[in-house]
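**Q** Got a structure here, written out as structure tokens. Questions coming.
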Amino acid sequence: LVSGLAEISIGFALGVLWSEYAVITTGCGPLNFSDILERICYQGVILSAGASLFTRIVTGGKDLTTFITEDYFGEGMLAEATLVQVRAAEWLSILAVVGAFAALAVQILNGEQMDGLSGIDVEMCRAVRDL
């Protein structure tokens, strides 16, 4: 269960990082990445990064891996590979959140016309997609 959740979180974070890379380089999200899947990835990153932050607040600064091994399952109850996956998921989620702010900053610095909270010019991206 823990390994599966970590793998799903890694997938969400990679989807968000891909989207942010596309926004930074083209001004639009990835053209071959559906809007629904992109939204699901962003929501997944919000959940996983939020869980990481919540754990750090509640446990006095422990990361997810430390919390899982010391307080929840106990020492040696999970395989080392699972703990590596949890650590990677946590750091990729944090990187994706930071990347979202970086992509927004690049859009602002480039003077892009942004609609709402998306950080992209929706009409321009629709025109590019419909070509």
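Going through the structure tokens in order, the chains are called A, B, and so on, while each chain numbers its residues from 1 and the ligands are numbered from 1 in the order shown.
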Excluding same-chain residues fewer than 5 positions from Asp71 (chain A), what lies within 10 Å of it counting only C-alpha atoms, as a list in words?

**A** Thr59, Thr65 and Thr66 of chain A

**Q** Would you save the residues of that selection, restricted to N, CA, C and O atoms, as a short mmCIF file (atom, residue, chain, number, x, y, z; two decimals), in the first residue's frame?

**A**
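Contents of result-v7.cif, as written:
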```cif
data_model
loop_
_atom_site.label_atom_id
_atom_site.label_comp_id
_atom_site.auth_asym_id
_atom_site.auth_seq_id
_atom_site.Cartn_x
_atom_site.Cartn_y
_atom_site.Cartn_z
N THR A 59 4.42 16.32 13.43
CA THR A 59 5.45 15.50 14.08
C THR A 59 6.67 16.30 14.52
O THR A 59 7.67 15.71 14.93
N THR A 65 9.31 9.72 5.51
CA THR A 65 10.05 8.47 5.69
C THR A 65 10.36 8.22 7.16
O THR A 65 10.18 7.10 7.65
N THR A 66 10.81 9.23 7.84
CA THR A 66 11.11 9.08 9.27
C THR A 66 9.86 8.77 10.07
O THR A 66 9.86 7.90 10.94
#
```

**Q** Near region 104-107 of chain A, counting only C-alpha atoms, which residues have an atom at most 8 Å away, once you skip same-chain residues fewer than 2 positions from it, shown as a PyMOL selection string?

**A** chain A and resi 23-24+27+100-102+109-112+119-120

**Q** Within 12 Å of region 90-93 of chain A, counting only C-alpha atoms, which residues qualify if same-chain residues fewer than 5 places away don't, as a PyMOL selection string?

**A** chain A and resi 5-18+41-53+55-56+63-66+83-85+98-100

**Q** With N, CA and C atoms retained, write the just-selected residues as a JSON list (two decimals), in the first residue's frame.

**A**
```json
[["chain", "number", "residue", "atom", "x", "y", "z"],
["A", 5, "LEU", "N", 1.09, 3.97, -3.11],
["A", 5, "LEU", "CA", 0.79, 5.39, -2.95],
["A", 5, "LEU", "C", 1.98, 6.26, -3.34],
["A", 6, "ALA", "N", 3.17, 5.81, -2.99],
["A", 6, "ALA", "CA", 4.37, 6.56, -3.36],
["A", 6, "ALA", "C", 4.53, 6.59, -4.88],
["A", 7, "GLU", "N", 4.28, 5.48, -5.54],
["A", 7, "GLU", "CA", 4.40, 5.42, -7.00],
["A", 7, "GLU", "C", 3.37, 6.32, -7.67],
["A", 8, "ILE", "N", 2.15, 6.34, -7.16],
["A", 8, "ILE", "CA", 1.12, 7.23, -7.71],
["A", 8, "ILE", "C", 1.53, 8.68, -7.51],
["A", 9, "SER", "N", 2.06, 9.01, -6.34],
["A", 9, "SER", "CA", 2.51, 10.38, -6.07],
["A", 9, "SER", "C", 3.66, 10.77, -6.99],
["A", 10, "ILE", "N", 4.56, 9.84, -7.25],
["A", 10, "ILE", "CA", 5.66, 10.12, -8.19],
["A", 10, "ILE", "C", 5.09, 10.40, -9.58],
["A", 11, "GLY", "N", 4.11, 9.62, -10.00],
["A", 11, "GLY", "CA", 3.47, 9.84, -11.30],
["A", 11, "GLY", "C", 2.80, 11.20, -11.38],
["A", 12, "PHE", "N", 2.09, 11.59, -10.33],
["A", 12, "PHE", "CA", 1.47, 12.92, -10.29],
["A", 12, "PHE", "C", 2.53, 14.01, -10.42],
["A", 13, "ALA", "N", 3.60, 13.89, -9.65],
["A", 13, "ALA", "CA", 4.64, 14.91, -9.66],
["A", 13, "ALA", "C", 5.32, 15.00, -11.02],
["A", 14, "LEU", "N", 5.58, 13.87, -11.65],
["A", 14, "LEU", "CA", 6.19, 13.90, -12.98],
["A", 14, "LEU", "C", 5.26, 14.54, -14.00],
["A", 15, "GLY", "N", 3.95, 14.28, -13.89],
["A", 15, "GLY", "CA", 2.98, 14.93, -14.78],
["A", 15, "GLY", "C", 2.98, 16.43, -14.60],
["A", 16, "VAL", "N", 3.03, 16.89, -13.36],
["A", 16, "VAL", "CA", 3.06, 18.33, -13.09],
["A", 16, "VAL", "C", 4.36, 18.95, -13.59],
["A", 17, "LEU", "N", 5.47, 18.29, -13.35],
["A", 17, "LEU", "CA", 6.76, 18.82, -13.81],
["A", 17, "LEU", "C", 6.80, 18.91, -15.34],
["A", 18, "TRP", "N", 6.22, 17.93, -16.02],
["A", 18, "TRP", "CA", 6.15, 17.96, -17.48],
["A", 18, "TRP", "C", 5.29, 19.14, -17.93],
["A", 41, "CYS", "N", -3.26, 15.44, -12.00],
["A", 41, "CYS", "CA", -1.86, 15.46, -11.54],
["A", 41, "CYS", "C", -1.64, 16.62, -10.58],
["A", 42, "TYR", "N", -2.15, 17.79, -10.92],
["A", 42, "TYR", "CA", -1.98, 18.95, -10.02],
["A", 42, "TYR", "C", -2.67, 18.69, -8.68],
["A", 43, "GLN", "N", -3.87, 18.12, -8.71],
["A", 43, "GLN", "CA", -4.57, 17.83, -7.45],
["A", 43, "GLN", "C", -3.83, 16.78, -6.64],
["A", 44, "GLY", "N", -3.26, 15.78, -7.31],
["A", 44, "GLY", "CA", -2.48, 14.76, -6.62],
["A", 44, "GLY", "C", -1.25, 15.35, -5.95],
["A", 45, "VAL", "N", -0.58, 16.29, -6.63],
["A", 45, "VAL", "CA", 0.59, 16.93, -6.04],
["A", 45, "VAL", "C", 0.17, 17.78, -4.84],
["A", 46, "ILE", "N", -0.95, 18.46, -4.95],
["A", 46, "ILE", "CA", -1.43, 19.25, -3.81],
["A", 46, "ILE", "C", -1.66, 18.33, -2.61],
["A", 47, "LEU", "N", -2.25, 17.17, -2.84],
["A", 47, "LEU", "CA", -2.49, 16.22, -1.74],
["A", 47, "LEU", "C", -1.18, 15.68, -1.17],
["A", 48, "SER", "N", -0.28, 15.24, -2.04],
["A", 48, "SER", "CA", 0.95, 14.63, -1.52],
["A", 48, "SER", "C", 1.87, 15.67, -0.86],
["A", 49, "ALA", "N", 1.99, 16.86, -1.45],
["A", 49, "ALA", "CA", 2.80, 17.90, -0.82],
["A", 49, "ALA", "C", 2.14, 18.38, 0.46],
["A", 50, "GLY", "N", 0.81, 18.44, 0.46],
["A", 50, "GLY", "CA", 0.08, 18.82, 1.67],
["A", 50, "GLY", "C", 0.25, 17.80, 2.77],
["A", 51, "ALA", "N", 0.24, 16.51, 2.41],
["A", 51, "ALA", "CA", 0.46, 15.46, 3.41],
["A", 51, "ALA", "C", 1.86, 15.56, 4.00],
["A", 52, "SER", "N", 2.83, 15.86, 3.15],
["A", 52, "SER", "CA", 4.21, 16.03, 3.62],
["A", 52, "SER", "C", 4.31, 17.20, 4.58],
["A", 53, "LEU", "N", 3.73, 18.33, 4.20],
["A", 53, "LEU", "CA", 3.77, 19.51, 5.06],
["A", 53, "LEU", "C", 3.02, 19.26, 6.37],
["A", 55, "THR", "N", 2.50, 16.40, 7.86],
["A", 55, "THR", "CA", 3.29, 15.49, 8.68],
["A", 55, "THR", "C", 4.42, 16.22, 9.39],
["A", 56, "ARG", "N", 5.09, 17.11, 8.67],
["A", 56, "ARG", "CA", 6.18, 17.87, 9.28],
["A", 56, "ARG", "C", 5.68, 18.77, 10.40],
["A", 63, "ASP", "N", 10.26, 14.10, 8.37],
["A", 63, "ASP", "CA", 9.77, 13.86, 7.02],
["A", 63, "ASP", "C", 8.92, 12.59, 6.99],
["A", 64, "LEU", "N", 8.28, 12.33, 5.85],
["A", 64, "LEU", "CA", 7.38, 11.17, 5.77],
["A", 64, "LEU", "C", 8.10, 9.86, 6.03],
["A", 65, "THR", "N", 9.31, 9.72, 5.51],
["A", 65, "THR", "CA", 10.05, 8.47, 5.69],
["A", 65, "THR", "C", 10.36, 8.22, 7.16],
["A", 66, "THR", "N", 10.81, 9.23, 7.84],
["A", 66, "THR", "CA", 11.11, 9.08, 9.27],
["A", 66, "THR", "C", 9.86, 8.77, 10.07],
["A", 83, "LEU", "N", 10.89, 2.79, 1.15],
["A", 83, "LEU", "CA", 11.26, 4.05, 1.78],
["A", 83, "LEU", "C", 11.91, 5.00, 0.78],
["A", 84, "VAL", "N", 12.68, 4.47, -0.15],
["A", 84, "VAL", "CA", 13.27, 5.29, -1.21],
["A", 84, "VAL", "C", 12.16, 5.89, -2.07],
["A", 85, "GLN", "N", 11.14, 5.09, -2.38],
["A", 85, "GLN", "CA", 10.01, 5.59, -3.17],
["A", 85, "GLN", "C", 9.27, 6.70, -2.43],
["A", 98, "VAL", "N", 7.29, 24.00, -6.10],
["A", 98, "VAL", "CA", 8.23, 25.10, -6.38],
["A", 98, "VAL", "C", 8.23, 25.41, -7.87],
["A", 99, "GLY", "N", 8.17, 24.37, -8.69],
["A", 99, "GLY", "CA", 8.14, 24.55, -10.14],
["A", 99, "GLY", "C", 6.91, 25.30, -10.61],
["A", 100, "ALA", "N", 5.78, 25.12, -9.93],
["A", 100, "ALA", "CA", 4.57, 25.85, -10.30],
["A", 100, "ALA", "C", 4.77, 27.35, -10.11]]
```

**Q** Of the candidates A:Met114, A:Leu78, A:Met124, A:Leu31, which one gets nearest to Leu1 (chain A) if we count only C-alpha atoms?

**A**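 Among the listed residues, the smallest separation from Leu1 (chain A) belongs to A:Leu78.
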
**Q** Would you work out the distance separating CA of Gln113 (chain A) from CA of Ala22 (chain A), expressed in Å to one decimal?

**A**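 Between CA of Gln113 (chain A) and CA of Ala22 (chain A) the gap works out to 16.4 Å.
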
**Q** Counting only C-alpha atoms, figure out which residue out of A:Ser19, A:Arg87, A:Leu131, A:Gly29 gets nearest to Phe67 (chain A).

**A**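 Using only C-alpha atoms, Phe67 (chain A) sits closest to A:Arg87.
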
**Q** Could you please determine the separation between CA of Thr26 (chain A) and CA of Val97 (chain A) in Å, to one decimal place?

**A**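 It comes out at 19.4 Å.
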
**Q** So the first atom is CA of Thr25 (chain A) and the second is CA of Leu37 (chain A); what is the distance between them in Å, to one decimal place?

**A**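 Rounded to one decimal, the two atoms are 19.9 Å apart.
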
**Q** Calculated over only C-alpha atoms, which of the candidates A:Phe33, A:Val58, A:Met77, A:Tyr72 has the smallest distance to Glu20 (chain A)?

**A**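 Comparing A:Phe33, A:Val58, A:Met77, A:Tyr72 against Glu20 (chain A), the winner is A:Phe33.
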